[in-house]
$ cat final01.tsv   # TSV, C-alpha atoms
chain	number	residue	atom	x	y	z
Y	223	MET	CA	-21.44	-2.31	-4.32
Y	224	SER	CA	-19.47	-3.34	-7.39
Y	225	ALA	CA	-17.65	-6.65	-7.63
Y	226	ALA	CA	-15.22	-5.36	-10.27
Y	227	ALA	CA	-12.67	-3.36	-8.24
Y	228	TYR	CA	-11.69	-2.09	-4.80
Y	229	TYR	CA	-13.13	1.37	-5.50
Y	230	VAL	CA	-15.74	2.90	-7.77
Y	231	PRO	CA	-15.25	6.53	-8.86
Y	232	VAL	CA	-18.12	8.90	-8.06
Y	233	PRO	CA	-18.65	12.53	-9.17
Y	234	ALA	CA	-16.71	15.10	-7.15
Y	235	ASP	CA	-16.85	18.86	-6.69
Y	236	PRO	CA	-13.55	20.13	-8.19
Y	237	GLY	CA	-13.23	22.71	-5.38
Y	238	ALA	CA	-12.14	26.31	-5.47
Y	239	ASP	CA	-8.36	25.83	-5.22
Y	240	PRO	CA	-6.83	25.13	-8.68
Y	241	ASP	CA	-3.69	23.70	-7.05
Y	242	VAL	CA	-5.64	20.90	-5.32
Y	243	SER	CA	-6.97	17.88	-7.23
Y	244	ILE	CA	-10.17	16.42	-5.77
Y	245	GLU	CA	-11.60	12.96	-6.54
Y	246	ARG	CA	-14.22	10.81	-4.83
Y	247	PHE	CA	-14.41	7.04	-4.55
Y	248	ARG	CA	-16.84	4.51	-3.09
Y	249	PRO	CA	-15.21	1.46	-1.48
Y	250	THR	CA	-16.55	-1.97	-2.37
Y	251	GLU	CA	-16.84	-5.02	-0.13
Y	252	HIS	CA	-13.39	-6.06	-1.33
Y	253	THR	CA	-11.72	-3.41	0.86
Y	254	VAL	CA	-13.02	-4.86	4.18
Y	255	SER	CA	-10.35	-5.37	6.84
Y	256	THR	CA	-9.17	-8.56	8.50
Y	257	TRP	CA	-9.55	-6.81	11.85
Y	258	GLY	CA	-13.19	-5.70	11.62
Y	259	PRO	CA	-16.20	-5.71	9.27
Y	260	ASP	CA	-16.79	-1.94	9.46
Y	261	LEU	CA	-13.39	-0.67	8.37
Y	262	GLN	CA	-11.09	-0.96	5.39
Y	263	HIS	CA	-7.91	-2.96	5.27
Y	264	GLY	CA	-4.88	-0.67	5.14
Y	265	ALA	CA	-3.77	-1.81	1.68
Y	266	PRO	CA	-6.53	-0.38	-0.56
Y	267	PRO	CA	-6.47	3.13	1.02
Y	268	SER	CA	-2.66	3.12	0.80
Y	269	ALA	CA	-2.88	2.27	-2.88
Y	270	LEU	CA	-5.53	4.93	-3.46
Y	271	LEU	CA	-3.22	7.54	-1.93
Y	272	ALA	CA	-0.25	6.33	-3.98
Y	273	ARG	CA	-2.42	6.49	-7.11
Y	274	ALA	CA	-3.23	10.14	-6.35
Y	275	LEU	CA	0.43	10.98	-5.71
Y	276	GLU	CA	1.51	9.39	-8.98
Y	277	ARG	CA	-1.20	11.04	-11.11
Y	278	HIS	CA	-1.03	14.57	-9.70
Y	279	ARG	CA	0.73	16.78	-12.28
Y	280	PRO	CA	3.15	14.08	-13.48
Y	281	ARG	CA	6.20	15.14	-15.46
Y	282	PRO	CA	8.37	13.13	-17.88
Y	283	GLY	CA	11.72	12.12	-16.45
Y	284	THR	CA	10.54	11.95	-12.84
Y	285	ARG	CA	9.04	9.27	-10.61
Y	286	LEU	CA	7.99	8.64	-7.03
Y	287	THR	CA	10.89	7.23	-5.01
Y	288	ARG	CA	9.49	7.26	-1.47
Y	289	ILE	CA	5.89	6.94	-0.34
Y	290	THR	CA	4.77	7.25	3.27
Y	291	VAL	CA	1.19	6.53	4.31
Y	292	ASP	CA	-0.10	7.52	7.76
Y	293	LEU	CA	-3.36	5.93	8.85
Y	294	LEU	CA	-4.90	8.63	11.02
Y	295	GLY	CA	-7.71	6.37	12.26
Y	296	PRO	CA	-10.02	3.61	11.02
Y	297	VAL	CA	-10.85	4.14	7.34
Y	298	PRO	CA	-14.64	3.66	7.14
Y	299	LEU	CA	-16.61	1.90	4.41
Y	300	THR	CA	-18.04	5.20	3.19
Y	301	ASP	CA	-17.30	7.51	0.27
Y	302	LEU	CA	-13.81	8.96	0.40
Y	303	GLU	CA	-12.62	12.27	-0.98
Y	304	VAL	CA	-9.00	12.37	-2.16
Y	305	ARG	CA	-7.33	15.80	-2.03
Y	306	THR	CA	-3.90	16.05	-3.65
Y	307	ARG	CA	-1.43	18.93	-3.91
Y	308	ILE	CA	2.27	19.64	-4.39
Y	309	ASP	CA	3.69	20.77	-1.05
Y	310	ARG	CA	7.26	21.42	-2.15
Y	311	PRO	CA	7.57	22.17	-5.89
Y	312	GLY	CA	10.86	21.75	-7.69
Y	313	ARG	CA	12.37	20.81	-11.04
Y	314	LYS	CA	14.53	17.97	-9.68
Y	315	ILE	CA	12.83	17.21	-6.36
Y	316	GLU	CA	9.26	17.78	-5.24
Y	317	LEU	CA	6.98	16.62	-2.44
Y	318	VAL	CA	3.42	15.58	-3.27
Y	319	VAL	CA	0.75	15.20	-0.56
Y	320	ALA	CA	-2.62	13.41	-0.73
Y	321	GLU	CA	-5.28	13.03	1.95
Y	322	LEU	CA	-8.33	10.78	2.28
Y	323	TRP	CA	-11.31	12.54	3.81
Y	324	ALA	CA	-14.43	10.82	5.11
Y	325	THR	CA	-17.71	12.25	6.42
Y	326	ALA	CA	-18.96	10.96	9.78
Y	327	PRO	CA	-22.65	10.19	10.44
Y	328	ASP	CA	-22.99	13.57	12.19
Y	329	GLY	CA	-21.92	15.31	8.99
Y	330	THR	CA	-18.43	16.34	10.08
Y	331	ALA	CA	-15.54	15.56	7.72
Y	332	ARG	CA	-12.04	14.54	8.76
Y	333	ALA	CA	-8.87	13.21	7.21
Y	334	VAL	CA	-8.56	9.47	7.84
Y	335	ALA	CA	-5.26	8.86	6.02
Y	336	ARG	CA	-2.46	10.89	4.52
Y	337	GLY	CA	0.15	10.02	1.91
Y	338	THR	CA	3.34	11.88	1.02
Y	339	GLY	CA	5.59	11.12	-1.90
Y	340	TRP	CA	8.99	12.39	-2.92
Y	341	ARG	CA	9.15	12.71	-6.70
Y	342	LEU	CA	12.71	12.83	-8.06
Y	343	GLU	CA	14.20	13.59	-11.45
Y	344	THR	CA	15.61	10.49	-13.15
Y	345	VAL	CA	18.50	10.07	-15.62
Y	346	ASP	CA	19.67	7.12	-17.69
Y	347	LEU	CA	22.49	5.37	-15.77
Y	348	PRO	CA	22.31	1.63	-16.54
Y	349	ASP	CA	26.03	1.10	-15.86
Y	350	VAL	CA	25.63	1.74	-12.12
Y	351	ALA	CA	22.40	-0.24	-11.60
Y	352	ARG	CA	22.75	-2.91	-8.89
Y	353	THR	CA	20.99	-4.46	-5.92
Y	354	SER	CA	22.34	-6.35	-2.93
Y	355	GLU	CA	19.00	-8.02	-2.20
Y	356	PRO	CA	18.88	-11.81	-2.73
Y	357	PRO	CA	16.31	-12.83	-5.37
Y	358	LEU	CA	13.12	-14.76	-4.69
Y	359	PRO	CA	12.41	-17.97	-6.58
Y	360	PRO	CA	10.53	-17.16	-9.82
Y	361	VAL	CA	6.77	-17.05	-9.45
Y	362	ASP	CA	6.16	-19.96	-11.81
Y	363	THR	CA	8.35	-22.25	-9.68
Y	364	VAL	CA	6.31	-21.68	-6.50
Y	365	PRO	CA	3.11	-23.73	-6.04
Y	366	ALA	CA	-0.16	-21.85	-5.72
Y	367	GLY	CA	-1.53	-21.79	-2.19
Y	368	SER	CA	-3.64	-19.97	0.35
Y	369	VAL	CA	-2.86	-17.18	2.79
Y	370	GLY	CA	-0.48	-18.06	5.60
Y	371	HIS	CA	-3.17	-18.42	8.33
Y	372	PRO	CA	-6.83	-19.54	8.13
Y	373	ALA	CA	-7.86	-16.64	10.38
Y	374	TRP	CA	-7.12	-14.29	7.49
Y	375	SER	CA	-10.13	-14.59	5.23
Y	376	GLY	CA	-12.94	-12.60	3.65
Y	377	GLY	CA	-13.02	-9.02	2.39
Y	378	TYR	CA	-9.76	-7.72	1.02
Y	379	ILE	CA	-7.73	-10.83	1.86
Y	380	SER	CA	-10.01	-13.05	-0.22
Y	381	THR	CA	-9.15	-11.02	-3.35
Y	382	LEU	CA	-5.47	-11.97	-3.22
Y	383	GLU	CA	-3.71	-14.87	-4.88
Y	384	TRP	CA	-0.79	-16.30	-2.91
Y	385	ARG	CA	2.34	-18.30	-3.64
Y	386	VAL	CA	4.15	-18.78	-0.34
Y	387	VAL	CA	7.93	-19.04	-0.70
Y	388	THR	CA	8.81	-19.32	3.00
Y	389	GLU	CA	6.17	-20.39	5.51
Y	390	PHE	CA	4.79	-17.62	7.72
Y	391	GLY	CA	5.77	-17.67	11.40
Y	392	VAL	CA	9.05	-19.57	11.01
Y	393	PRO	CA	12.31	-18.09	12.34
Y	394	GLY	CA	13.77	-15.46	10.05
Y	395	PRO	CA	12.05	-13.61	7.21
Y	396	SER	CA	9.03	-15.14	5.54
Y	397	ALA	CA	8.31	-14.56	1.87
Y	398	ALA	CA	5.49	-14.81	-0.64
Y	399	TRP	CA	4.43	-13.76	-4.08
Y	400	VAL	CA	1.09	-11.93	-3.94
Y	401	CYS	CA	-1.24	-10.83	-6.73
Y	402	ALA	CA	-4.42	-8.75	-6.43
Y	403	ALA	CA	-7.15	-10.21	-8.60
Y	404	LEU	CA	-8.96	-6.87	-8.96
Y	405	PRO	CA	-8.02	-3.43	-10.31
Y	406	LEU	CA	-7.70	-0.63	-7.78
Y	407	VAL	CA	-10.31	1.61	-9.44
Y	408	GLU	CA	-13.15	0.36	-11.60
Y	409	GLY	CA	-12.63	1.13	-15.28
Y	410	GLU	CA	-8.88	1.78	-14.97
Y	411	THR	CA	-5.87	-0.27	-15.98
Y	412	PRO	CA	-3.60	-0.34	-12.89
Y	413	THR	CA	-0.11	1.12	-13.17
Y	414	GLY	CA	2.87	-0.76	-11.81
Y	415	LEU	CA	2.76	1.40	-8.67
Y	416	ASP	CA	-0.98	0.69	-8.29
Y	417	ARG	CA	-0.34	-3.06	-8.36
Y	418	LEU	CA	2.57	-2.79	-5.92
Y	419	MET	CA	0.79	-0.61	-3.38
Y	420	THR	CA	-2.43	-2.62	-3.56
Y	421	VAL	CA	-0.63	-5.45	-1.76
Y	422	ALA	CA	2.44	-3.88	-0.07
Y	423	ASP	CA	0.65	-3.40	3.26
Y	424	VAL	CA	0.35	-7.18	3.78
Y	425	ALA	CA	4.08	-7.25	4.62
Y	426	ASN	CA	2.92	-6.91	8.23
Y	427	GLY	CA	1.13	-10.26	7.97
Y	428	VAL	CA	3.87	-11.96	5.96
Y	429	GLY	CA	6.50	-11.07	8.56
Y	430	SER	CA	4.51	-11.66	11.74
Y	431	LYS	CA	5.34	-14.48	14.13
Y	432	LEU	CA	2.12	-14.05	16.13
Y	433	ASP	CA	-1.07	-16.14	15.98
Y	434	PRO	CA	-3.78	-13.77	14.65
Y	435	THR	CA	-6.46	-15.66	16.60
Y	436	ARG	CA	-4.71	-14.57	19.82
Y	437	TRP	CA	-3.09	-11.28	18.88
Y	438	LEU	CA	-3.88	-8.06	17.06
Y	439	PHE	CA	-0.96	-6.46	15.20
Y	440	LEU	CA	-2.12	-3.39	13.35
Y	441	ASN	CA	0.26	-1.11	11.50
Y	442	THR	CA	-0.32	2.62	11.89
Y	443	GLU	CA	1.72	3.57	8.81
Y	444	LEU	CA	3.95	2.30	6.06
Y	445	THR	CA	6.94	3.70	4.20
Y	446	VAL	CA	8.05	2.36	0.84
Y	447	HIS	CA	11.39	3.32	-0.74
Y	448	LEU	CA	11.72	2.43	-4.43
Y	449	PHE	CA	15.17	2.34	-6.04
Y	450	ARG	CA	13.56	1.04	-9.26
Y	451	ALA	CA	10.22	1.74	-10.91
Y	452	PRO	CA	7.88	-1.23	-10.26
Y	453	ASP	CA	6.31	-3.25	-13.07
Y	454	PRO	CA	4.74	-6.24	-11.35
Y	455	THR	CA	1.98	-8.68	-12.13
Y	456	TRP	CA	2.97	-10.54	-8.98
Y	457	VAL	CA	4.51	-8.64	-6.05
Y	458	GLY	CA	7.15	-10.42	-4.01
Y	459	ILE	CA	7.40	-9.64	-0.29
Y	460	SER	CA	10.09	-10.86	2.10
Y	461	ALA	CA	9.49	-9.52	5.60
Y	462	GLU	CA	10.07	-10.02	9.30
Y	463	THR	CA	8.48	-8.32	12.31
Y	464	SER	CA	10.35	-7.53	15.53
Y	465	VAL	CA	8.38	-6.70	18.69
Y	466	GLY	CA	9.62	-4.87	21.78
Y	467	PRO	CA	8.54	-5.66	25.37
Y	468	ASP	CA	6.09	-2.73	25.43
Y	469	GLY	CA	3.78	-3.91	22.64
Y	470	VAL	CA	5.36	-1.90	19.82
Y	471	GLY	CA	6.82	-3.65	16.81
Y	472	MET	CA	8.27	-2.95	13.40
Y	473	THR	CA	7.98	-4.85	10.14
Y	474	ALA	CA	10.87	-4.51	7.71
Y	475	GLY	CA	10.83	-6.09	4.28
Y	476	VAL	CA	12.00	-6.17	0.69
Y	477	LEU	CA	9.64	-5.69	-2.27
Y	478	TYR	CA	10.05	-7.44	-5.61
Y	479	ASP	CA	8.57	-7.70	-9.05
Y	480	GLU	CA	9.35	-10.48	-11.53
Y	481	ALA	CA	12.58	-8.70	-12.54
Y	482	GLY	CA	13.98	-8.73	-8.98
Y	483	ALA	CA	14.15	-6.54	-5.89
Y	484	LEU	CA	12.92	-2.98	-6.36
Y	485	GLY	CA	12.60	-1.44	-2.89
Y	486	ARG	CA	11.99	-1.78	0.82
Y	487	ILE	CA	9.04	-1.38	3.14
Y	488	ALA	CA	8.87	-0.53	6.86
Y	489	GLN	CA	5.78	-0.48	9.08
Y	490	ASN	CA	5.21	0.54	12.70
Y	491	VAL	CA	3.07	-2.12	14.43
Y	492	GLN	CA	0.94	-1.95	17.58
Y	493	VAL	CA	0.61	-5.37	19.22
Y	494	ARG	CA	-2.24	-6.22	21.61
Y	495	PRO	CA	-3.86	-9.41	22.88
Y	496	ARG	CA	-7.34	-10.09	21.47
$ encode --input "final01.tsv" --output "structure tokens"
Amino acid sequence: MSAAAYYVPVPADPGADPDVSIERFRPTEHTVSTWGPDLQHGAPPSALLARALERHRPRPGTRLTRITVDLLGPVPLTDLEVRTRIDRPGRKIELVVAELWATAPDGTARAVARGTGWRLETVDLPDVARTSEPPLPPVDTVPAGSVGHPAWSGGYISTLEWRVVTEFGVPGPSAAWVCAALPLVEGETPTGLDRLMTVADVANGVGSKLDPTRWLFLNTELTVHLFRAPDPTWVGISAETSVGPDGVGMTAGVLYDEAGALGRIAQNVQVRPR
């Protein structure tokens, strides 16, 4: 495996359908999950799907404004095929869909994750730009530190740089600046959306109040709404997780780049004792 990125591109059969883009990628050891050594953390596959959505037949004057990722099962540490298409074409509004397919040891292939993105036409309206979200302290004013809990280590988590603004687990939202030290795909310069989505999934951990040595809290999906195009080096996340009495929770958070708030994230969370 390569040490240079989360994924390495590998040759792919272009397929017979001209409306479907097909790419293949090999995950590196840097995608390994906190929850198990044989599966990928949710963040790199989410970013790989967002990358496909952004790059599929892009048009000037449009951008992705909402991205939803559904994790259909554990994403294995095997080659992944990304299949991308436009589900709902339109000049002002269109829906783009991407799927990650993996092949099981018995040779059967299945979709392990799916991403959908609404791509909207944009216009120049600086006079109405505003946000009600409170800012985070600038990155350079926050001391460098480690992840919020020592149980989170190795694999994907070890590739992140952290600057914790509000300690994890305290009452109310917790917050941190996070930066991925690696590009998403080897040989590529990440876009702003790549950098954002490479770390957005950790909102679940930032907002959790549970001890990860005693509890599992896995998100089954994530939805990101972007009211501004992201351009981060560091991604700011302010998040809090609420949990119902039946073991189902929800993380809700705000996403930032160095210019300020740019969107929100929500994640469904399944909570279980270890």
$ closest_residue --input "final01.tsv" --among "Y:Leu302, Y:Ala326, Y:Leu317, Y:Ala481" --to "Y:Phe247" --atoms "all atoms listed in the file"
Y:Leu302
$ closest_residue --input "final01.tsv" --among "Y:Val465, Y:Val446, Y:Leu418, Y:Ala474" --to "Y:Ala397" --atoms "all atoms listed in the file"
Y:Ala474
$ residues_around --input "final01.tsv" --residues "stretch 456-460 of chain Y" --least-positions-apart "5" --cutoff "6 Å" --atoms "all atoms listed in the file" --output "PyMOL selection string"
chain Y and resi 396-401+475-479
$ atom_distance --input "final01.tsv" --atom1 "atom CA of Y:Val254" --atom2 "atom CA of Y:His278"
26.7 Å
$ closest_residue --input "final01.tsv" --among "Y:Gly264, Y:Pro236, Y:Pro360, Y:Pro348" --to "Y:Gly377" --atoms "only C-alpha atoms"
Y:Gly264
$ atom_distance --input "final01.tsv" --atom1 "atom CA of Y:Ala234" --atom2 "atom CA of Y:Arg246"
5.5 Å
$ atom_distance --input "final01.tsv" --atom1 "atom CA of Y:Lys431" --atom2 "atom CA of Y:Phe390"
7.2 Å
